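entry28.txt, holding compact mmCIF, C-alpha atoms:
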```txt
# COMPACT_ATOMS: atom_id res chain seq x y z
CA MET A 7 195.78 52.38 116.97
CA LYS A 8 194.31 55.90 117.07
CA ARG A 9 190.56 56.22 117.15
CA ALA A 10 189.02 58.51 114.55
CA LEU A 11 187.12 61.49 115.82
CA PRO A 12 183.38 61.20 115.23
CA ALA A 13 182.18 63.08 112.18
CA LEU A 14 179.98 66.10 112.76
CA ARG A 15 176.55 65.96 111.21
CA GLY A 16 173.55 68.19 111.01
CA PRO A 17 173.50 71.69 112.59
CA ALA A 18 176.81 71.13 114.42
CA ALA A 19 178.62 70.46 111.14
CA TRP A 20 177.26 73.58 109.48
CA ALA A 21 178.19 75.67 112.53
CA ALA A 22 181.78 74.38 112.43
CA ILE A 23 182.07 75.09 108.71
CA ALA A 24 180.73 78.61 109.21
CA VAL A 25 183.35 79.31 111.88
CA LEU A 26 186.13 78.15 109.56
CA ILE A 27 184.85 80.27 106.70
CA TRP A 28 184.43 83.49 108.66
CA ALA A 29 187.13 83.31 111.35
CA CYS A 30 190.01 84.66 109.26
CA PRO A 31 188.35 87.35 107.15
CA VAL A 32 186.38 88.82 110.06
CA HIS A 33 189.36 90.86 111.28
CA ALA A 34 189.82 92.57 107.93
CA GLN A 35 186.10 93.10 107.42
CA THR A 36 185.25 94.68 110.79
CA TYR A 37 188.51 96.27 111.97
CA PRO A 38 188.57 98.82 113.45
CA GLU A 39 185.41 98.99 115.53
CA ARG A 40 186.65 101.37 118.24
CA PRO A 41 189.35 104.05 118.75
CA ILE A 42 192.98 103.04 118.22
CA ARG A 43 195.56 103.93 120.85
CA VAL A 44 199.03 104.91 119.64
CA ILE A 45 201.85 104.86 122.20
CA VAL A 46 204.41 107.57 121.38
CA PRO A 47 207.56 107.08 123.51
CA ILE A 48 208.53 110.73 123.52
CA ALA A 49 207.10 113.97 124.90
CA ALA A 50 204.14 115.81 123.40
CA GLY A 51 205.24 118.64 121.14
CA SER A 52 208.30 116.85 119.80
CA VAL A 53 208.51 116.53 116.03
CA THR A 54 207.71 112.79 116.23
CA ASP A 55 204.60 113.51 118.28
CA VAL A 56 203.53 116.27 115.86
CA ILE A 57 203.94 113.98 112.84
CA MET A 58 202.01 111.16 114.50
CA ARG A 59 199.14 113.50 115.33
CA ALA A 60 199.08 114.75 111.73
CA SER A 61 199.07 111.12 110.54
CA ALA A 62 196.20 110.33 112.90
CA ASN A 63 194.14 113.21 111.55
CA GLU A 64 194.64 111.93 108.02
CA LEU A 65 193.98 108.26 108.77
CA ALA A 66 191.01 108.54 111.15
CA PRO A 67 188.44 109.18 108.38
CA ARG A 68 190.00 106.50 106.20
CA LEU A 69 189.75 103.86 108.94
CA GLY A 70 186.51 105.16 110.38
CA GLN A 71 187.84 105.49 113.93
CA PRO A 72 189.84 108.12 115.83
CA PHE A 73 193.41 107.65 117.01
CA VAL A 74 194.21 108.40 120.66
CA ILE A 75 197.84 109.48 121.15
CA GLU A 76 199.41 108.40 124.44
CA ASN A 77 202.79 110.01 125.19
CA ARG A 78 205.18 107.97 127.35
CA GLY A 79 208.44 109.86 127.08
CA GLY A 80 211.76 109.35 128.80
CA ALA A 81 214.19 106.54 129.62
CA SER A 82 215.31 105.96 126.01
CA GLY A 83 211.82 104.86 124.98
CA ILE A 84 211.80 101.87 127.34
CA PRO A 85 208.54 102.61 129.24
CA GLY A 86 206.71 103.13 125.97
CA ALA A 87 208.07 99.92 124.48
CA GLN A 88 207.15 98.01 127.64
CA ALA A 89 203.58 99.32 127.53
CA CYS A 90 203.29 98.26 123.90
CA ALA A 91 204.73 94.79 124.51
CA GLN A 92 202.26 94.17 127.34
CA ALA A 93 199.17 95.27 125.41
CA ALA A 94 196.69 92.96 123.71
CA PRO A 95 197.52 92.12 120.06
CA ASP A 96 194.11 93.14 118.78
CA GLY A 97 195.00 96.14 116.61
CA TYR A 98 193.79 98.68 119.15
CA THR A 99 197.24 99.42 120.54
CA LEU A 100 199.92 100.57 118.09
CA CYS A 101 203.30 101.95 119.02
CA LEU A 102 205.99 104.07 117.50
CA VAL A 103 209.42 102.45 117.71
CA TYR A 104 212.80 103.94 116.91
CA HIS A 105 216.52 103.28 116.89
CA ASN A 106 216.71 103.11 120.68
CA THR A 107 213.72 100.82 121.10
CA LEU A 108 214.84 98.01 118.83
CA SER A 109 218.56 98.54 118.10
CA ILE A 110 220.43 100.44 120.80
CA ASN A 111 218.69 99.54 124.07
CA PRO A 112 219.27 95.77 123.70
CA LEU A 113 223.01 96.43 123.38
CA LEU A 114 223.18 98.77 126.38
CA PHE A 115 220.85 97.35 129.00
CA ASN A 116 220.47 94.06 130.81
CA GLN A 117 217.02 93.12 132.12
CA LEU A 118 214.99 95.13 129.64
CA PRO A 119 211.25 94.80 130.37
CA TYR A 120 210.63 93.78 126.75
CA ASP A 121 212.24 91.55 124.12
CA PRO A 122 213.01 93.58 120.96
CA GLU A 123 213.16 90.43 118.83
CA ARG A 124 209.95 88.72 119.97
CA ASP A 125 207.56 91.18 121.58
CA PHE A 126 206.57 93.24 118.55
CA THR A 127 204.82 92.85 115.22
CA LEU A 128 206.50 95.10 112.67
CA ILE A 129 204.12 97.10 110.47
CA SER A 130 206.25 99.63 108.57
CA ASN A 131 209.20 101.92 108.86
CA LEU A 132 207.88 105.49 108.57
CA TYR A 133 210.72 107.99 108.17
CA LEU A 134 214.37 108.82 108.67
CA LEU A 135 215.38 111.76 110.84
CA VAL A 136 217.43 114.75 109.79
CA GLU A 137 219.10 115.87 113.01
CA ALA A 138 221.14 118.98 113.72
CA LEU A 139 223.68 120.24 116.23
CA PHE A 140 222.47 123.50 117.80
CA VAL A 141 223.96 125.97 120.23
CA SER A 142 222.62 128.95 122.12
CA SER A 143 223.44 132.19 120.32
CA SER A 144 224.73 133.53 123.64
CA LEU A 145 227.83 131.35 123.22
CA ASN A 146 228.91 133.43 120.25
CA VAL A 147 230.22 130.39 118.36
CA SER A 148 229.43 129.75 114.70
CA THR A 149 231.17 126.46 113.86
CA ALA A 150 231.74 123.06 115.40
CA ALA A 151 235.44 123.91 115.71
CA GLU A 152 234.58 127.02 117.70
CA LEU A 153 232.25 125.00 119.94
CA LYS A 154 235.08 122.55 120.61
CA ALA A 155 237.46 125.38 121.49
CA TYR A 156 234.87 126.99 123.79
CA ALA A 157 234.20 123.69 125.60
CA GLN A 158 237.92 123.13 126.09
CA ALA A 159 238.37 126.64 127.51
CA HIS A 160 235.31 126.43 129.81
CA PRO A 161 235.23 122.99 131.54
CA ALA A 162 231.77 121.89 132.77
CA ALA A 163 230.27 125.24 131.69
CA LEU A 164 228.04 123.81 128.94
CA ASN A 165 224.77 121.92 129.44
CA TYR A 166 223.59 119.55 126.70
CA GLY A 167 220.14 117.98 126.29
CA THR A 168 219.80 114.19 126.09
CA LEU A 169 216.96 111.65 126.09
CA GLY A 170 218.58 109.58 128.84
CA PRO A 171 221.24 106.86 129.03
CA GLY A 172 221.87 105.07 125.75
CA SER A 173 219.97 107.58 123.62
CA ASN A 174 221.55 108.85 120.41
CA PRO A 175 222.02 112.35 121.89
CA GLU A 176 223.67 110.79 124.94
CA MET A 177 226.10 108.83 122.77
CA PHE A 178 226.97 111.95 120.79
CA LEU A 179 227.68 113.70 124.09
CA LYS A 180 230.05 110.91 125.11
CA TRP A 181 231.71 111.12 121.70
CA MET A 182 232.28 114.89 122.10
CA ASN A 183 233.62 114.56 125.63
CA GLN A 184 236.01 111.77 124.71
CA THR A 185 237.11 112.93 121.27
CA TRP A 186 237.41 116.62 122.12
CA ASN A 187 238.69 116.00 125.67
CA VAL A 188 235.99 118.24 127.17
CA ASN A 189 233.42 117.99 129.95
CA ILE A 190 230.01 119.01 128.57
CA VAL A 191 227.27 118.14 131.09
CA GLY A 192 224.30 116.04 129.93
CA ILE A 193 220.78 116.80 131.21
CA PRO A 194 217.96 114.35 130.34
CA TYR A 195 214.62 115.49 128.91
CA ARG A 196 211.55 113.63 127.68
CA GLY A 197 211.71 114.75 124.06
CA GLY A 198 213.08 117.05 121.40
CA GLY A 199 210.39 119.68 121.94
CA PRO A 200 211.34 120.25 125.60
CA ILE A 201 215.03 120.26 124.65
CA ALA A 202 214.44 122.94 122.00
CA GLN A 203 212.53 125.10 124.48
CA ALA A 204 215.25 124.62 127.11
CA LEU A 205 217.87 125.78 124.60
CA VAL A 206 215.90 128.94 123.86
CA ALA A 207 215.34 129.55 127.58
CA GLY A 208 219.05 129.28 128.33
CA GLU A 209 218.78 126.11 130.43
CA LEU A 210 220.89 124.38 127.78
CA GLN A 211 223.70 125.68 125.62
CA VAL A 212 224.08 122.69 123.24
CA ALA A 213 221.68 120.17 121.71
CA LYS A 214 221.62 117.60 118.92
CA MET A 215 218.11 116.51 118.00
CA GLY A 216 215.75 116.23 115.05
CA LEU A 217 215.93 119.45 113.03
CA GLY A 218 212.14 119.64 112.94
CA ASN A 219 212.01 120.40 116.66
CA PHE A 220 213.84 123.69 116.08
CA LEU A 221 212.42 125.02 112.80
CA GLY A 222 209.89 127.31 114.45
CA LEU A 223 212.61 128.77 116.69
CA LEU A 224 215.22 129.64 114.08
CA GLY A 225 213.83 133.13 113.65
CA THR A 226 214.13 133.97 117.35
CA GLY A 227 217.83 134.71 117.09
CA LYS A 228 218.39 132.71 120.28
CA ILE A 229 219.68 129.48 118.70
CA LYS A 230 222.12 128.69 115.93
CA PRO A 231 222.56 125.46 113.88
CA LEU A 232 226.18 124.37 113.43
CA ALA A 233 225.75 121.15 111.42
CA VAL A 234 223.11 118.71 110.18
CA ALA A 235 223.36 114.98 110.85
CA ALA A 236 222.58 113.75 107.35
CA THR A 237 224.36 112.47 104.28
CA ARG A 238 223.63 115.76 102.50
CA ARG A 239 222.65 119.30 103.43
CA SER A 240 219.02 119.99 104.24
CA VAL A 241 216.97 122.19 101.93
CA LEU A 242 215.48 123.73 105.08
CA VAL A 243 218.88 125.12 106.18
CA PRO A 244 220.98 124.91 103.00
CA ASP A 245 223.82 127.03 104.37
CA VAL A 246 224.44 124.69 107.30
CA PRO A 247 227.15 122.05 106.68
CA THR A 248 226.78 118.34 107.35
CA LEU A 249 228.57 116.79 110.32
CA ALA A 250 231.22 115.45 107.96
CA GLU A 251 231.72 118.87 106.38
CA ALA A 252 232.02 120.34 109.87
CA GLY A 253 234.80 117.88 110.75
CA ILE A 254 232.67 115.65 113.00
CA ASP A 255 233.21 111.93 112.37
CA PHE A 256 229.89 110.71 113.81
CA PRO A 257 227.46 108.87 111.50
CA PRO A 258 223.89 110.09 110.84
CA PHE A 259 221.54 107.78 112.71
CA GLY A 260 217.84 108.03 113.44
CA TRP A 261 214.47 106.69 112.31
CA TRP A 262 210.91 106.01 113.46
CA GLY A 263 208.58 103.15 112.57
CA LEU A 264 205.24 101.60 113.45
CA ALA A 265 204.77 98.34 115.35
CA ALA A 266 202.20 96.52 117.49
CA PRO A 267 202.27 93.84 120.20
CA ARG A 268 203.37 90.36 119.14
CA GLY A 269 200.63 88.23 117.63
CA LEU A 270 198.72 90.88 115.70
CA PRO A 271 196.55 89.04 113.12
CA GLN A 272 197.93 89.27 109.60
CA PRO A 273 194.79 90.85 108.07
CA ILE A 274 195.14 93.77 110.51
CA VAL A 275 198.87 94.06 109.79
CA ASP A 276 198.09 94.22 106.09
CA ARG A 277 195.35 96.84 106.56
CA LEU A 278 197.50 99.11 108.72
CA ASN A 279 200.53 98.74 106.48
CA ALA A 280 198.51 99.60 103.39
CA GLU A 281 196.99 102.72 104.96
CA PHE A 282 200.23 104.09 106.44
CA VAL A 283 202.30 103.34 103.32
CA LYS A 284 199.71 104.99 101.09
CA LEU A 285 199.65 108.12 103.28
CA TYR A 286 203.44 108.37 103.58
CA ARG A 287 203.79 108.17 99.80
CA GLU A 288 201.17 110.77 98.92
CA PRO A 289 202.95 113.82 97.43
CA ARG A 290 201.06 116.25 99.67
CA PHE A 291 202.01 114.38 102.85
CA VAL A 292 205.59 113.79 101.65
CA GLU A 293 205.92 117.55 101.25
CA TYR A 294 204.60 118.00 104.79
CA LEU A 295 207.10 115.47 106.17
CA GLU A 296 210.03 117.11 104.41
CA LYS A 297 209.04 120.41 106.02
CA GLN A 298 209.34 118.63 109.37
CA ALA A 299 212.92 117.68 108.44
CA VAL A 300 212.28 113.96 107.99
CA LEU A 301 212.58 111.71 104.95
CA PRO A 302 209.63 109.31 104.39
CA ALA A 303 210.68 105.65 104.19
CA PRO A 304 207.54 103.44 104.29
CA GLY A 305 207.61 99.83 103.13
CA THR A 306 206.52 96.28 103.85
CA PRO A 307 207.00 94.55 107.22
CA ALA A 308 209.66 92.34 105.57
CA GLU A 309 211.53 95.43 104.34
CA PHE A 310 211.33 96.89 107.84
CA ALA A 311 212.84 93.68 109.25
CA GLN A 312 215.74 93.84 106.77
CA PHE A 313 216.29 97.50 107.63
CA LEU A 314 216.52 96.55 111.31
CA LYS A 315 219.30 94.04 110.64
CA ARG A 316 221.45 96.78 109.12
CA ASP A 317 220.41 99.26 111.79
CA ARG A 318 221.59 96.99 114.59
CA GLN A 319 224.99 96.73 112.97
CA ASP A 320 225.15 100.54 112.87
CA ALA A 321 224.11 100.62 116.54
CA GLU A 322 227.03 98.40 117.50
CA PHE A 323 229.36 100.77 115.66
CA LEU A 324 227.95 103.82 117.44
CA ILE A 325 228.26 102.20 120.84
CA ARG A 326 231.91 101.39 120.16
CA ILE A 327 232.50 105.02 119.14
CA ALA A 328 230.88 106.30 122.33
CA ASN A 329 232.53 103.64 124.49
CA GLN A 330 229.18 103.17 126.19
CA PRO A 331 229.26 100.50 128.96
CA ARG A 332 226.45 97.97 129.38
CA GLU A 333 224.36 98.31 132.53
CA ASP A 334 221.26 96.93 134.23
CA TYR A 335 218.04 98.74 133.42
CA LYS A 336 216.32 100.25 136.44
CA ALA A 337 212.76 101.44 135.99
CA GLN A 338 212.07 105.05 136.88
CA GLN A 339 209.97 105.60 139.99
```
Can the structure from this file be put into structure tokens for me?
Amino acid sequence: MKRALPALRGPAAWAAIAVLIWACPVHAQTYPERPIRVIVPIAAGSVTDVIMRASANELAPRLGQPFVIENRGGASGIPGAQACAQAAPDGYTLCLVYHNTLSINPLLFNQLPYDPERDFTLISNLYLLVEALFVSSSLNVSTAAELKAYAQAHPAALNYGTLGPGSNPEMFLKWMNQTWNVNIVGIPYRGGGPIAQALVAGELQVAKMGLGNFLGLLGTGKIKPLAVAATRRSVLVPDVPTLAEAGIDFPPFGWWGLAAPRGLPQPIVDRLNAEFVKLYREPRFVEYLEKQAVLPAPGTPAEFAQFLKRDRQDAEFLIRIANQPREDYKAQQ
């Protein structure tokens, strides 16, 4: 027979009741009390980094604390995801996640230093990317068909920017090499900003990244867009065809969202979701995002989880297209 616990009386009882009353709401009432770190798993200057910094500037006065952006680019977002997964779930470390972090990497790598299913608290999807295929104007090609012909006539003469093994740009490179029977050489960078600059500088001749990384460079005359990776043409470059219109059978694929380490208290999840969703739906900020060549897509954590289920199915399809083998992940030194 179990013995009943002794009842609390007097000051001890009132103290216990006070703890029960205030324990849950305290997070929502006092958060945040210090600066919030945001891990961005891509290089500074990339369109994702620029958008996150703009978001931080908008949200800091609303939350009463500054945001500190920490860039951890490279390796398909794995170091950034690892840092997020290992942080305390107190609301003072947030992280941007994307298609590689939660959908592609788990299908490509063994021994990942994080579990995409269990190590994160989803807060909200943020936006969908509009990507584009660019070439250096020095190639003197104007269409995807002409790029294919040039690559076939000049084996190993073209350099192409990637974000490392398993990244969406890397898989598109494999698709081109296999489907076109060419040998374009992939060179890894830490973000779309560095890739755009490398294309202008002549270090690269081909790139496929978020369109927003290249908008400020279109007037230089040194780069040329051949196609946009989207279901419809972009209003920013309305004369540029979609991949499908250009004869490229590779699906549009790319997004960024907000997450935190596993175990983030629900009141903090709710507060962050409400603030980010409100911002990403404000007409003024939506207009800003569209000028960065992204499509806002905020929603609830549950909607983000449903989106991820579909996204992982798309990731499996892309990996089959690229014929990408699975390998062990080895941390960069």
Q. What's the 8 Å shell around Arg78 of chain A, counting only C-alpha atoms, without same-chain residues fewer than 2 positions away, as a PyMOL selection string?
A. chain A and resi 45-49+76+80+83+85-86
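Between Lys315 of chain A and the candidates A:Leu108, A:Gly192, A:Tyr133, A:Glu281, the tightest atom-to-atom separation, counting all atoms listed in the file, involves A:Leu108.
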With 8 Å on each side, where is the centre of the axis-aligned box around all listed atoms of segment 143-146 of chain A, and how long are its edges in Å to one decimal, as AutoDock Vina command-line options?
```
--center_x 226.2 --center_y 132.4 --center_z 121.9 --size_x 21.5 --size_y 18.2 --size_z 19.4
```
Q) How many Å separate atom CA of Asn146 of chain A from atom CA of Phe259 of chain A? A) 27.7 Å
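Considering all atoms listed in the file, the residue among A:Phe140, A:Phe73, A:Trp181, A:Tyr294 positioned nearest to Leu153 of chain A is A:Phe140.
Comparing A:Ser240, A:Ser144, A:Gln312, A:Gln298 by their smallest distance to Val56 of chain A, the closest is A:Gln298 (using only C-alpha atoms).
When atom CA of Asp276 of chain A is paired with atom CA of Leu128 of chain A, their separation reads 10.7 Å.
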Q: Would you list the contacts of Pro244 of chain A as a ChimeraX atom specification, taking every protein, DNA or RNA residue within 12 Å and counting only C-alpha atoms, but skipping same-chain residues closer than 6 positions in sequence?
A: /A:231-234,238
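You can rank A:Lys180, A:Lys154, A:Lys284, A:Arg277 by their closest distance to Ile129 of chain A using all atoms listed in the file, and at the top of that list sits A:Arg277.
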Q | One-decimal distance in Å that lies between atom CA of Leu324 of chain A and atom CA of Ala81 of chain A | A | 18.6 Å
Q) Which is closer to Lys214 of chain A than all the others in A:Tyr104, A:Tyr166, A:Phe126, A:Trp261, using all atoms listed in the file? A) A:Tyr166
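Proximity of A:Ser142, A:Asn183, A:Thr168, A:Asn77 to Leu205 of chain A, computed with only C-alpha atoms, is greatest for A:Ser142.
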